[in-house]
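Listing of input-v1.tsv; format and content: TSV, N, CA and C atoms.
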chain	number	residue	atom	x	y	z
A	1215	MET	N	10.42	1.76	24.62
A	1215	MET	CA	11.44	2.72	24.27
A	1215	MET	C	10.79	4.10	24.11
A	1216	ALA	N	11.30	5.08	24.82
A	1216	ALA	CA	10.74	6.43	24.75
A	1216	ALA	C	11.04	7.07	23.40
A	1217	ARG	N	10.06	7.74	22.87
A	1217	ARG	CA	10.23	8.43	21.59
A	1217	ARG	C	11.03	9.71	21.79
A	1218	THR	N	11.80	10.04	20.79
A	1218	THR	CA	12.53	11.30	20.85
A	1218	THR	C	11.74	12.38	20.11
A	1219	ILE	N	11.90	13.60	20.55
A	1219	ILE	CA	11.25	14.74	19.92
A	1219	ILE	C	12.35	15.67	19.46
A	1220	SER	N	12.28	16.05	18.19
A	1220	SER	CA	13.30	16.93	17.61
A	1220	SER	C	12.66	18.24	17.18
A	1221	TYR	N	13.51	19.23	16.98
A	1221	TYR	CA	13.04	20.52	16.45
A	1221	TYR	C	13.25	20.54	14.95
A	1222	ILE	N	12.40	21.29	14.27
A	1222	ILE	CA	12.48	21.44	12.82
A	1222	ILE	C	12.27	22.93	12.50
A	1223	THR	N	13.02	23.44	11.56
A	1223	THR	CA	12.85	24.84	11.17
A	1223	THR	C	11.70	24.94	10.16
A	1224	GLY	N	11.22	26.15	9.94
A	1224	GLY	CA	10.18	26.37	8.94
A	1224	GLY	C	10.63	25.93	7.56
A	1225	SER	N	11.89	26.22	7.22
A	1225	SER	CA	12.42	25.81	5.91
A	1225	SER	C	12.46	24.30	5.79
A	1226	GLU	N	12.86	23.62	6.86
A	1226	GLU	CA	12.90	22.15	6.84
A	1226	GLU	C	11.50	21.57	6.72
A	1227	LEU	N	10.53	22.21	7.37
A	1227	LEU	CA	9.15	21.75	7.27
A	1227	LEU	C	8.66	21.86	5.83
A	1228	LEU	N	8.94	22.97	5.18
A	1228	LEU	CA	8.51	23.13	3.79
A	1228	LEU	C	9.21	22.12	2.88
A	1229	ALA	N	10.47	21.83	3.14
A	1229	ALA	CA	11.21	20.84	2.35
A	1229	ALA	C	10.62	19.44	2.57
A	1230	LEU	N	10.29	19.11	3.82
A	1230	LEU	CA	9.68	17.80	4.11
A	1230	LEU	C	8.34	17.67	3.42
A	1231	LYS	N	7.57	18.75	3.41
A	1231	LYS	CA	6.24	18.74	2.80
A	1231	LYS	C	6.31	18.39	1.31
A	1232	ARG	N	7.42	18.75	0.68
A	1232	ARG	CA	7.57	18.48	-0.76
A	1232	ARG	C	7.93	17.02	-1.04
A	1233	ARG	N	8.31	16.28	-0.01
A	1233	ARG	CA	8.69	14.89	-0.24
A	1233	ARG	C	7.44	14.02	-0.29
A	1234	PRO	N	7.23	13.31	-1.39
A	1234	PRO	CA	5.98	12.56	-1.57
A	1234	PRO	C	5.81	11.38	-0.62
A	1235	ASN	N	6.89	10.88	-0.04
A	1235	ASN	CA	6.79	9.68	0.80
A	1235	ASN	C	6.57	10.01	2.28
A	1236	ILE	N	6.35	11.28	2.60
A	1236	ILE	CA	6.14	11.67	3.99
A	1236	ILE	C	4.78	12.36	4.12
A	1237	ALA	N	3.98	11.90	5.06
A	1237	ALA	CA	2.66	12.48	5.31
A	1237	ALA	C	2.72	13.25	6.62
A	1238	ILE	N	2.54	14.56	6.53
A	1238	ILE	CA	2.73	15.45	7.68
A	1238	ILE	C	1.41	16.06	8.15
A	1239	ALA	N	1.28	16.18	9.47
A	1239	ALA	CA	0.20	16.97	10.07
A	1239	ALA	C	0.86	18.01	10.96
A	1240	VAL	N	0.44	19.27	10.82
A	1240	VAL	CA	0.91	20.36	11.68
A	1240	VAL	C	-0.15	20.56	12.76
A	1241	VAL	N	0.28	20.52	14.02
A	1241	VAL	CA	-0.63	20.61	15.16
A	1241	VAL	C	-0.36	21.90	15.93
A	1242	ASP	N	-1.32	22.80	15.87
A	1242	ASP	CA	-1.24	24.10	16.54
A	1242	ASP	C	-1.85	23.94	17.93
A	1243	VAL	N	-1.05	24.16	18.98
A	1243	VAL	CA	-1.56	23.98	20.35
A	1243	VAL	C	-1.75	25.31	21.07
A	1244	ARG	N	-1.72	26.41	20.29
A	1244	ARG	CA	-2.03	27.70	20.92
A	1244	ARG	C	-3.48	27.69	21.38
A	1245	ASP	N	-3.79	28.57	22.31
A	1245	ASP	CA	-5.14	28.62	22.82
A	1245	ASP	C	-5.95	29.65	22.02
A	1246	ASP	N	-6.42	30.71	22.63
A	1246	ASP	CA	-7.27	31.68	21.94
A	1246	ASP	C	-6.56	32.48	20.86
A	1247	GLU	N	-5.24	32.64	20.97
A	1247	GLU	CA	-4.58	33.52	20.00
A	1247	GLU	C	-4.68	33.02	18.57
A	1248	ARG	N	-4.95	31.74	18.37
A	1248	ARG	CA	-5.10	31.22	17.00
A	1248	ARG	C	-6.20	31.98	16.26
A	1249	SER	N	-7.28	32.30	16.96
A	1249	SER	CA	-8.43	32.92	16.30
A	1249	SER	C	-8.14	34.35	15.83
A	1250	TYR	N	-7.25	35.07	16.50
A	1250	TYR	CA	-6.99	36.43	16.04
A	1250	TYR	C	-5.62	36.62	15.39
A	1251	ASP	N	-4.66	35.72	15.61
A	1251	ASP	CA	-3.34	35.85	14.98
A	1251	ASP	C	-3.27	35.12	13.64
A	1252	GLY	N	-4.24	34.25	13.36
A	1252	GLY	CA	-4.16	33.41	12.18
A	1252	GLY	C	-3.43	32.12	12.51
A	1253	HIS	N	-3.17	31.32	11.49
A	1253	HIS	CA	-2.54	30.02	11.70
A	1253	HIS	C	-1.87	29.55	10.42
A	1254	ILE	N	-1.07	28.51	10.55
A	1254	ILE	CA	-0.44	27.90	9.38
A	1254	ILE	C	-1.54	27.14	8.64
A	1255	ALA	N	-1.69	27.42	7.37
A	1255	ALA	CA	-2.77	26.79	6.59
A	1255	ALA	C	-2.67	25.28	6.67
A	1256	GLY	N	-3.82	24.65	6.85
A	1256	GLY	CA	-3.89	23.20	6.91
A	1256	GLY	C	-3.59	22.62	8.28
A	1257	SER	N	-3.24	23.47	9.24
A	1257	SER	CA	-2.90	22.94	10.56
A	1257	SER	C	-4.15	22.52	11.33
A	1258	LEU	N	-3.95	21.57	12.23
A	1258	LEU	CA	-5.01	21.12	13.12
A	1258	LEU	C	-4.91	21.94	14.39
A	1259	HIS	N	-6.03	22.18	15.07
A	1259	HIS	CA	-5.99	22.96	16.30
A	1259	HIS	C	-6.39	22.09	17.48
A	1260	TYR	N	-5.45	21.90	18.40
A	1260	TYR	CA	-5.69	21.19	19.65
A	1260	TYR	C	-5.11	22.05	20.76
A	1261	ALA	N	-5.92	22.94	21.33
A	1261	ALA	CA	-5.45	23.90	22.34
A	1261	ALA	C	-4.76	23.19	23.50
A	1262	SER	N	-3.67	23.77	23.96
A	1262	SER	CA	-2.87	23.15	25.02
A	1262	SER	C	-3.68	22.96	26.30
A	1263	GLY	N	-4.61	23.87	26.57
A	1263	GLY	CA	-5.40	23.78	27.79
A	1263	GLY	C	-6.26	22.54	27.88
A	1264	THR	N	-6.67	21.99	26.74
A	1264	THR	CA	-7.52	20.78	26.72
A	1264	THR	C	-6.84	19.63	25.98
A	1265	PHE	N	-5.55	19.77	25.70
A	1265	PHE	CA	-4.84	18.80	24.86
A	1265	PHE	C	-4.94	17.38	25.40
A	1266	THR	N	-4.67	17.20	26.68
A	1266	THR	CA	-4.65	15.86	27.27
A	1266	THR	C	-6.00	15.18	27.11
A	1267	ASP	N	-7.08	15.95	27.28
A	1267	ASP	CA	-8.43	15.38	27.17
A	1267	ASP	C	-8.77	14.95	25.74
A	1268	LYS	N	-8.12	15.57	24.75
A	1268	LYS	CA	-8.48	15.32	23.35
A	1268	LYS	C	-7.40	14.55	22.59
A	1269	ILE	N	-6.44	14.01	23.30
A	1269	ILE	CA	-5.31	13.36	22.64
A	1269	ILE	C	-5.74	12.16	21.80
A	1270	SER	N	-6.73	11.41	22.25
A	1270	SER	CA	-7.19	10.26	21.46
A	1270	SER	C	-7.87	10.73	20.18
A	1271	ASN	N	-8.56	11.89	20.22
A	1271	ASN	CA	-9.17	12.46	19.01
A	1271	ASN	C	-8.08	12.81	18.00
A	1272	LEU	N	-6.98	13.40	18.50
A	1272	LEU	CA	-5.88	13.76	17.62
A	1272	LEU	C	-5.31	12.52	16.93
A	1273	VAL	N	-5.09	11.47	17.69
A	1273	VAL	CA	-4.53	10.23	17.12
A	1273	VAL	C	-5.44	9.72	16.01
A	1274	GLN	N	-6.77	9.79	16.21
A	1274	GLN	CA	-7.72	9.37	15.17
A	1274	GLN	C	-7.65	10.29	13.95
A	1275	GLU	N	-7.56	11.60	14.20
A	1275	GLU	CA	-7.58	12.57	13.11
A	1275	GLU	C	-6.34	12.50	12.23
A	1276	VAL	N	-5.23	12.05	12.79
A	1276	VAL	CA	-3.98	12.02	12.01
A	1276	VAL	C	-3.67	10.64	11.44
A	1277	LYS	N	-4.66	9.76	11.44
A	1277	LYS	CA	-4.43	8.43	10.84
A	1277	LYS	C	-3.89	8.60	9.43
A	1278	GLY	N	-2.85	7.84	9.10
A	1278	GLY	CA	-2.25	7.94	7.78
A	1278	GLY	C	-1.09	8.93	7.72
A	1279	LYS	N	-0.89	9.69	8.79
A	1279	LYS	CA	0.24	10.63	8.84
A	1279	LYS	C	1.37	9.97	9.63
A	1280	ASP	N	2.59	10.14	9.15
A	1280	ASP	CA	3.71	9.55	9.88
A	1280	ASP	C	4.55	10.57	10.63
A	1281	THR	N	4.33	11.86	10.33
A	1281	THR	CA	5.11	12.93	10.96
A	1281	THR	C	4.17	14.00	11.48
A	1282	LEU	N	4.29	14.31	12.77
A	1282	LEU	CA	3.49	15.38	13.38
A	1282	LEU	C	4.43	16.49	13.81
A	1283	VAL	N	4.07	17.72	13.45
A	1283	VAL	CA	4.87	18.89	13.80
A	1283	VAL	C	4.02	19.78	14.71
A	1284	PHE	N	4.44	19.92	15.96
A	1284	PHE	CA	3.73	20.72	16.95
A	1284	PHE	C	4.28	22.13	16.99
A	1285	HIS	N	3.40	23.08	17.30
A	1285	HIS	CA	3.88	24.44	17.56
A	1285	HIS	C	2.88	25.19	18.42
A	1286	CYS	N	3.41	26.20	19.12
A	1286	CYS	CA	2.59	27.18	19.81
A	1286	CYS	C	3.08	28.53	19.31
A	1287	ALA	N	3.01	29.57	20.11
A	1287	ALA	CA	3.45	30.88	19.63
A	1287	ALA	C	4.96	30.90	19.40
A	1288	LEU	N	5.73	30.44	20.37
A	1288	LEU	CA	7.19	30.45	20.26
A	1288	LEU	C	7.81	29.06	20.29
A	1289	SER	N	7.00	28.04	20.54
A	1289	SER	CA	7.45	26.65	20.66
A	1289	SER	C	8.51	26.49	21.76
A	1290	GLN	N	8.27	27.19	22.88
A	1290	GLN	CA	9.18	27.05	24.01
A	1290	GLN	C	8.55	26.28	25.16
A	1291	VAL	N	7.22	26.36	25.32
A	1291	VAL	CA	6.57	25.68	26.44
A	1291	VAL	C	5.44	24.77	25.96
A	1292	ARG	N	4.36	25.35	25.43
A	1292	ARG	CA	3.17	24.55	25.10
A	1292	ARG	C	3.43	23.55	23.99
A	1293	GLY	N	4.09	23.97	22.91
A	1293	GLY	CA	4.36	23.05	21.80
A	1293	GLY	C	5.17	21.84	22.24
A	1294	PRO	N	6.34	22.05	22.86
A	1294	PRO	CA	7.13	20.90	23.31
A	1294	PRO	C	6.41	20.04	24.36
A	1295	LYS	N	5.65	20.69	25.25
A	1295	LYS	CA	4.95	19.95	26.30
A	1295	LYS	C	3.89	19.03	25.69
A	1296	CYS	N	3.13	19.54	24.73
A	1296	CYS	CA	2.09	18.72	24.08
A	1296	CYS	C	2.72	17.63	23.23
A	1297	ALA	N	3.83	17.93	22.58
A	1297	ALA	CA	4.54	16.90	21.79
A	1297	ALA	C	4.97	15.76	22.71
A	1298	ARG	N	5.50	16.10	23.90
A	1298	ARG	CA	5.94	15.09	24.87
A	1298	ARG	C	4.74	14.30	25.39
A	1299	ARG	N	3.61	14.99	25.63
A	1299	ARG	CA	2.40	14.27	26.08
A	1299	ARG	C	1.96	13.24	25.04
A	1300	LEU	N	1.99	13.64	23.77
A	1300	LEU	CA	1.61	12.70	22.71
A	1300	LEU	C	2.59	11.53	22.67
A	1301	ALA	N	3.88	11.82	22.75
A	1301	ALA	CA	4.89	10.76	22.71
A	1301	ALA	C	4.66	9.77	23.86
A	1302	ASN	N	4.41	10.29	25.05
A	1302	ASN	CA	4.15	9.41	26.20
A	1302	ASN	C	2.89	8.58	26.00
A	1303	TYR	N	1.85	9.21	25.46
A	1303	TYR	CA	0.59	8.51	25.18
A	1303	TYR	C	0.82	7.38	24.18
A	1304	LEU	N	1.57	7.67	23.12
A	1304	LEU	CA	1.83	6.64	22.10
A	1304	LEU	C	2.69	5.52	22.67
A	1305	ASP	N	3.63	5.86	23.55
A	1305	ASP	CA	4.47	4.82	24.17
A	1305	ASP	C	3.63	3.88	25.03
A	1306	GLU	N	2.54	4.40	25.63
A	1306	GLU	CA	1.67	3.58	26.48
A	1306	GLU	C	0.68	2.75	25.66
A	1307	MET	N	0.37	3.21	24.44
A	1307	MET	CA	-0.57	2.48	23.59
A	1307	MET	C	0.06	1.18	23.10
A	1308	LYS	N	-0.75	0.21	22.89
A	1308	LYS	CA	-0.24	-1.08	22.41
A	1308	LYS	C	-0.37	-1.22	20.89
A	1309	GLU	N	-1.12	-0.32	20.25
A	1309	GLU	CA	-1.31	-0.44	18.80
A	1309	GLU	C	-0.37	0.50	18.05
A	1310	ASP	N	-0.07	0.13	16.82
A	1310	ASP	CA	0.77	0.98	15.99
A	1310	ASP	C	-0.10	2.03	15.31
A	1311	THR	N	0.20	3.28	15.57
A	1311	THR	CA	-0.58	4.37	14.99
A	1311	THR	C	-0.01	4.84	13.66
A	1312	GLY	N	1.20	4.41	13.34
A	1312	GLY	CA	1.86	4.84	12.12
A	1312	GLY	C	2.65	6.13	12.30
A	1313	ILE	N	2.54	6.76	13.47
A	1313	ILE	CA	3.27	8.00	13.73
A	1313	ILE	C	4.72	7.64	14.06
A	1314	LYS	N	5.63	8.08	13.19
A	1314	LYS	CA	7.05	7.75	13.37
A	1314	LYS	C	7.85	8.92	13.92
A	1315	ASN	N	7.47	10.14	13.56
A	1315	ASN	CA	8.25	11.32	13.95
A	1315	ASN	C	7.36	12.34	14.64
A	1316	ILE	N	7.84	12.83	15.79
A	1316	ILE	CA	7.16	13.91	16.49
A	1316	ILE	C	8.17	15.05	16.57
A	1317	LEU	N	7.79	16.17	15.95
A	1317	LEU	CA	8.70	17.30	15.84
A	1317	LEU	C	8.06	18.55	16.43
A	1318	VAL	N	8.90	19.53	16.75
A	1318	VAL	CA	8.43	20.83	17.24
A	1318	VAL	C	8.99	21.89	16.30
A	1319	LEU	N	8.11	22.77	15.84
A	1319	LEU	CA	8.52	23.84	14.93
A	1319	LEU	C	9.32	24.89	15.69
A	1320	GLU	N	10.58	25.01	15.32
A	1320	GLU	CA	11.47	25.98	15.94
A	1320	GLU	C	10.90	27.40	15.78
A	1321	ARG	N	10.93	28.19	16.84
A	1321	ARG	CA	10.43	29.57	16.86
A	1321	ARG	C	8.91	29.66	16.72
A	1322	GLY	N	8.21	28.55	16.60
A	1322	GLY	CA	6.76	28.52	16.61
A	1322	GLY	C	6.08	29.34	15.53
A	1323	PHE	N	4.82	29.64	15.79
A	1323	PHE	CA	4.02	30.40	14.82
A	1323	PHE	C	4.62	31.79	14.59
A	1324	ASN	N	5.09	32.42	15.67
A	1324	ASN	CA	5.64	33.77	15.53
A	1324	ASN	C	6.85	33.77	14.60
A	1325	GLY	N	7.70	32.76	14.71
A	1325	GLY	CA	8.86	32.65	13.82
A	1325	GLY	C	8.45	32.37	12.39
A	1326	TRP	N	7.43	31.53	12.23
A	1326	TRP	CA	6.90	31.21	10.90
A	1326	TRP	C	6.42	32.49	10.22
A	1327	GLU	N	5.61	33.26	10.95
A	1327	GLU	CA	5.06	34.49	10.39
A	1327	GLU	C	6.16	35.54	10.16
A	1328	ALA	N	7.10	35.67	11.09
A	1328	ALA	CA	8.18	36.66	10.97
A	1328	ALA	C	9.09	36.36	9.78
A	1329	SER	N	9.13	35.09	9.35
A	1329	SER	CA	9.94	34.71	8.20
A	1329	SER	C	9.23	35.00	6.88
A	1330	GLY	N	8.04	35.57	6.96
A	1330	GLY	CA	7.30	35.92	5.76
A	1330	GLY	C	6.52	34.77	5.15
A	1331	ARG	N	6.37	33.69	5.90
A	1331	ARG	CA	5.61	32.55	5.38
A	1331	ARG	C	4.12	32.86	5.50
A	1332	PRO	N	3.32	32.27	4.62
A	1332	PRO	CA	1.89	32.61	4.59
A	1332	PRO	C	1.15	32.18	5.85
A	1333	VAL	N	0.21	33.02	6.23
A	1333	VAL	CA	-0.62	32.77	7.40
A	1333	VAL	C	-2.08	32.77	6.92
A	1334	CYS	N	-2.82	31.79	7.37
A	1334	CYS	CA	-4.23	31.67	7.00
A	1334	CYS	C	-5.10	32.33	8.07
A	1335	GLN	N	-6.12	33.04	7.64
A	1335	GLN	CA	-7.02	33.72	8.58
A	1335	GLN	C	-8.41	33.07	8.59
A	1336	CYS	N	-8.57	31.91	7.97
A	1336	CYS	CA	-9.90	31.29	7.89
A	1336	CYS	C	-10.38	30.88	9.28
A	1337	THR	N	-11.68	30.63	9.36
A	1337	THR	CA	-12.25	30.15	10.62
A	1337	THR	C	-12.74	28.71	10.48
A	1338	ASP	N	-12.36	28.05	9.38
A	1338	ASP	CA	-12.77	26.66	9.17
A	1338	ASP	C	-12.11	25.75	10.20
A	1339	VAL	N	-12.86	24.80	10.70
A	1339	VAL	CA	-12.32	23.78	11.59
A	1339	VAL	C	-12.70	22.44	11.01
A	1340	PRO	N	-11.75	21.63	10.57
A	1340	PRO	CA	-10.33	21.99	10.48
A	1340	PRO	C	-10.06	22.89	9.28
A	1341	CYS	N	-8.93	23.59	9.33
A	1341	CYS	CA	-8.50	24.44	8.22
A	1341	CYS	C	-8.24	23.56	7.01
A	1342	LYS	N	-8.81	23.93	5.87
A	1342	LYS	CA	-8.63	23.12	4.66
A	1342	LYS	C	-7.53	23.66	3.77
A	1343	GLY	N	-6.87	24.73	4.22
A	1343	GLY	CA	-5.81	25.33	3.42
A	1343	GLY	C	-4.58	24.45	3.33
A	1344	GLU	N	-3.69	24.85	2.48
A	1344	GLU	CA	-2.45	24.11	2.26
A	1344	GLU	C	-1.32	25.10	2.43
A	1345	TYR	N	-0.37	24.78	3.32
A	1345	TYR	CA	0.73	25.74	3.47
A	1345	TYR	C	1.63	25.71	2.26
A	1346	ALA	N	2.32	26.82	2.05
A	1346	ALA	CA	3.10	27.05	0.81
A	1346	ALA	C	4.06	25.92	0.55
A	1347	LYS	N	4.21	25.61	-0.70
A	1347	LYS	CA	5.12	24.53	-1.09
A	1347	LYS	C	6.51	25.10	-1.34

Mind converting the file's structure to structure tokens?
Amino acid sequence: MARTISYITGSELLALKRRPNIAIAVVDVRDDERSYDGHIAGSLHYASGTFTDKISNLVQEVKGKDTLVFHCALSQVRGPKCARRLANYLDEMKEDTGIKNILVLERGFNGWEASGRPVCQCTDVPCKGEYAK
């Protein structure tokens, strides 16, 4: 059965983050712009250009998370495409990864930032920050 991918707003993401029974990972698939535009604190970085090659690393890194939220700059091309690649990869896998929901952040990073939500400028990989509650 093919997995469905839904969109989520920044407000919905923050509300989900406050729910104790949901473990979320935010996956930033922007390429070089992450380094100079900043990023959502705590997000993982898997650039769209190399996403397919590193998809198994992502699955390992998000063990214990049941909801993954993908985004790029606007979440119109790279974010949805990488979310679909992950969904297809998981559909082909025979093991249960625990990932139940694959979402795309509506309006992407640019929408997140334009809404006045905090942006992290750290260079840590992975980012150890926590996005606003």

Using backbone DSSP assignments, extract all alpha helix (DSSP H) residues from segment 1237-1332 of chain A; output them as a tab-separated table (two decimals) with N, CA and C atoms, in the coordinates of the input.
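The new file part.tsv reads:
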chain	number	residue	atom	x	y	z
A	1247	GLU	N	-5.24	32.64	20.97
A	1247	GLU	CA	-4.58	33.52	20.00
A	1247	GLU	C	-4.68	33.02	18.57
A	1248	ARG	N	-4.95	31.74	18.37
A	1248	ARG	CA	-5.10	31.22	17.00
A	1248	ARG	C	-6.20	31.98	16.26
A	1249	SER	N	-7.28	32.30	16.96
A	1249	SER	CA	-8.43	32.92	16.30
A	1249	SER	C	-8.14	34.35	15.83
A	1250	TYR	N	-7.25	35.07	16.50
A	1250	TYR	CA	-6.99	36.43	16.04
A	1250	TYR	C	-5.62	36.62	15.39
A	1251	ASP	N	-4.66	35.72	15.61
A	1251	ASP	CA	-3.34	35.85	14.98
A	1251	ASP	C	-3.27	35.12	13.64
A	1265	PHE	N	-5.55	19.77	25.70
A	1265	PHE	CA	-4.84	18.80	24.86
A	1265	PHE	C	-4.94	17.38	25.40
A	1266	THR	N	-4.67	17.20	26.68
A	1266	THR	CA	-4.65	15.86	27.27
A	1266	THR	C	-6.00	15.18	27.11
A	1267	ASP	N	-7.08	15.95	27.28
A	1267	ASP	CA	-8.43	15.38	27.17
A	1267	ASP	C	-8.77	14.95	25.74
A	1268	LYS	N	-8.12	15.57	24.75
A	1268	LYS	CA	-8.48	15.32	23.35
A	1268	LYS	C	-7.40	14.55	22.59
A	1269	ILE	N	-6.44	14.01	23.30
A	1269	ILE	CA	-5.31	13.36	22.64
A	1269	ILE	C	-5.74	12.16	21.80
A	1270	SER	N	-6.73	11.41	22.25
A	1270	SER	CA	-7.19	10.26	21.46
A	1270	SER	C	-7.87	10.73	20.18
A	1271	ASN	N	-8.56	11.89	20.22
A	1271	ASN	CA	-9.17	12.46	19.01
A	1271	ASN	C	-8.08	12.81	18.00
A	1272	LEU	N	-6.98	13.40	18.50
A	1272	LEU	CA	-5.88	13.76	17.62
A	1272	LEU	C	-5.31	12.52	16.93
A	1273	VAL	N	-5.09	11.47	17.69
A	1273	VAL	CA	-4.53	10.23	17.12
A	1273	VAL	C	-5.44	9.72	16.01
A	1274	GLN	N	-6.77	9.79	16.21
A	1274	GLN	CA	-7.72	9.37	15.17
A	1274	GLN	C	-7.65	10.29	13.95
A	1275	GLU	N	-7.56	11.60	14.20
A	1275	GLU	CA	-7.58	12.57	13.11
A	1275	GLU	C	-6.34	12.50	12.23
A	1292	ARG	N	4.36	25.35	25.43
A	1292	ARG	CA	3.17	24.55	25.10
A	1292	ARG	C	3.43	23.55	23.99
A	1293	GLY	N	4.09	23.97	22.91
A	1293	GLY	CA	4.36	23.05	21.80
A	1293	GLY	C	5.17	21.84	22.24
A	1294	PRO	N	6.34	22.05	22.86
A	1294	PRO	CA	7.13	20.90	23.31
A	1294	PRO	C	6.41	20.04	24.36
A	1295	LYS	N	5.65	20.69	25.25
A	1295	LYS	CA	4.95	19.95	26.30
A	1295	LYS	C	3.89	19.03	25.69
A	1296	CYS	N	3.13	19.54	24.73
A	1296	CYS	CA	2.09	18.72	24.08
A	1296	CYS	C	2.72	17.63	23.23
A	1297	ALA	N	3.83	17.93	22.58
A	1297	ALA	CA	4.54	16.90	21.79
A	1297	ALA	C	4.97	15.76	22.71
A	1298	ARG	N	5.50	16.10	23.90
A	1298	ARG	CA	5.94	15.09	24.87
A	1298	ARG	C	4.74	14.30	25.39
A	1299	ARG	N	3.61	14.99	25.63
A	1299	ARG	CA	2.40	14.27	26.08
A	1299	ARG	C	1.96	13.24	25.04
A	1300	LEU	N	1.99	13.64	23.77
A	1300	LEU	CA	1.61	12.70	22.71
A	1300	LEU	C	2.59	11.53	22.67
A	1301	ALA	N	3.88	11.82	22.75
A	1301	ALA	CA	4.89	10.76	22.71
A	1301	ALA	C	4.66	9.77	23.86
A	1302	ASN	N	4.41	10.29	25.05
A	1302	ASN	CA	4.15	9.41	26.20
A	1302	ASN	C	2.89	8.58	26.00
A	1303	TYR	N	1.85	9.21	25.46
A	1303	TYR	CA	0.59	8.51	25.18
A	1303	TYR	C	0.82	7.38	24.18
A	1304	LEU	N	1.57	7.67	23.12
A	1304	LEU	CA	1.83	6.64	22.10
A	1304	LEU	C	2.69	5.52	22.67
A	1305	ASP	N	3.63	5.86	23.55
A	1305	ASP	CA	4.47	4.82	24.17
A	1305	ASP	C	3.63	3.88	25.03
A	1306	GLU	N	2.54	4.40	25.63
A	1306	GLU	CA	1.67	3.58	26.48
A	1306	GLU	C	0.68	2.75	25.66
A	1322	GLY	N	8.21	28.55	16.60
A	1322	GLY	CA	6.76	28.52	16.61
A	1322	GLY	C	6.08	29.34	15.53
A	1323	PHE	N	4.82	29.64	15.79
A	1323	PHE	CA	4.02	30.40	14.82
A	1323	PHE	C	4.62	31.79	14.59
A	1324	ASN	N	5.09	32.42	15.67
A	1324	ASN	CA	5.64	33.77	15.53
A	1324	ASN	C	6.85	33.77	14.60
A	1325	GLY	N	7.70	32.76	14.71
A	1325	GLY	CA	8.86	32.65	13.82
A	1325	GLY	C	8.45	32.37	12.39
A	1326	TRP	N	7.43	31.53	12.23
A	1326	TRP	CA	6.90	31.21	10.90
A	1326	TRP	C	6.42	32.49	10.22
A	1327	GLU	N	5.61	33.26	10.95
A	1327	GLU	CA	5.06	34.49	10.39
A	1327	GLU	C	6.16	35.54	10.16
A	1328	ALA	N	7.10	35.67	11.09
A	1328	ALA	CA	8.18	36.66	10.97
A	1328	ALA	C	9.09	36.36	9.78

### Message
Between A:Ala1297, A:Ile1316, A:Met1307, A:Leu1282, which residue has the minimum interatomic distance to Ala1237 of chain A, considering only N, CA and C atoms?
### Response
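Of all the options, A:Leu1282 lies closest to Ala1237 of chain A.
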
### Query
What is the distance between atom CA of Gly1224 of chain A and atom C of Gln1335 of chain A, in Å to one decimal?
19.8 Å

### Minimum-distance residue to Lys1268 of chain A, chosen among A:Thr1223, A:Thr1311, A:Tyr1303, A:Leu1317 (using only C-alpha atoms)
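Checking each of A:Thr1223, A:Thr1311, A:Tyr1303, A:Leu1317 against Lys1268 of chain A, counting only C-alpha atoms, the winner is A:Tyr1303.
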
Show me, as AutoDock Vina command-line options, the centre and edge lengths in Å to one decimal of the axis-aligned box that covers every listed atom of segment 1263-1269 of chain A with 5 Å on each side.
--center_x -6.7 --center_y 18.0 --center_z 24.8 --size_x 14.2 --size_y 21.7 --size_z 16.1

#### Entry: Who sits within 7 Å of Ile1238 of chain A, only C-alpha atoms, same chain under 3 positions skipped, as a ChimeraX atom specification
/A:1231,1279-1282

### For atom CA of Asp1251 of chain A and atom C of Ala1239 of chain A, the interatomic separation in Å (one decimal)
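Between these atoms lies a distance of 18.8 Å.
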
### Length of the atom N of Ser1257 of chain A to atom C of Gln1290 of chain A vector [Å]
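Atom C of Gln1290 of chain A lies at a distance of 20.0 Å from atom N of Ser1257 of chain A.
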
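For the residues A:Val1243, A:Ile1313, A:Leu1300, A:Ile1236, ranking by smallest atom-to-atom distance to Leu1258 of chain A using only C-alpha atoms places A:Val1243 first.
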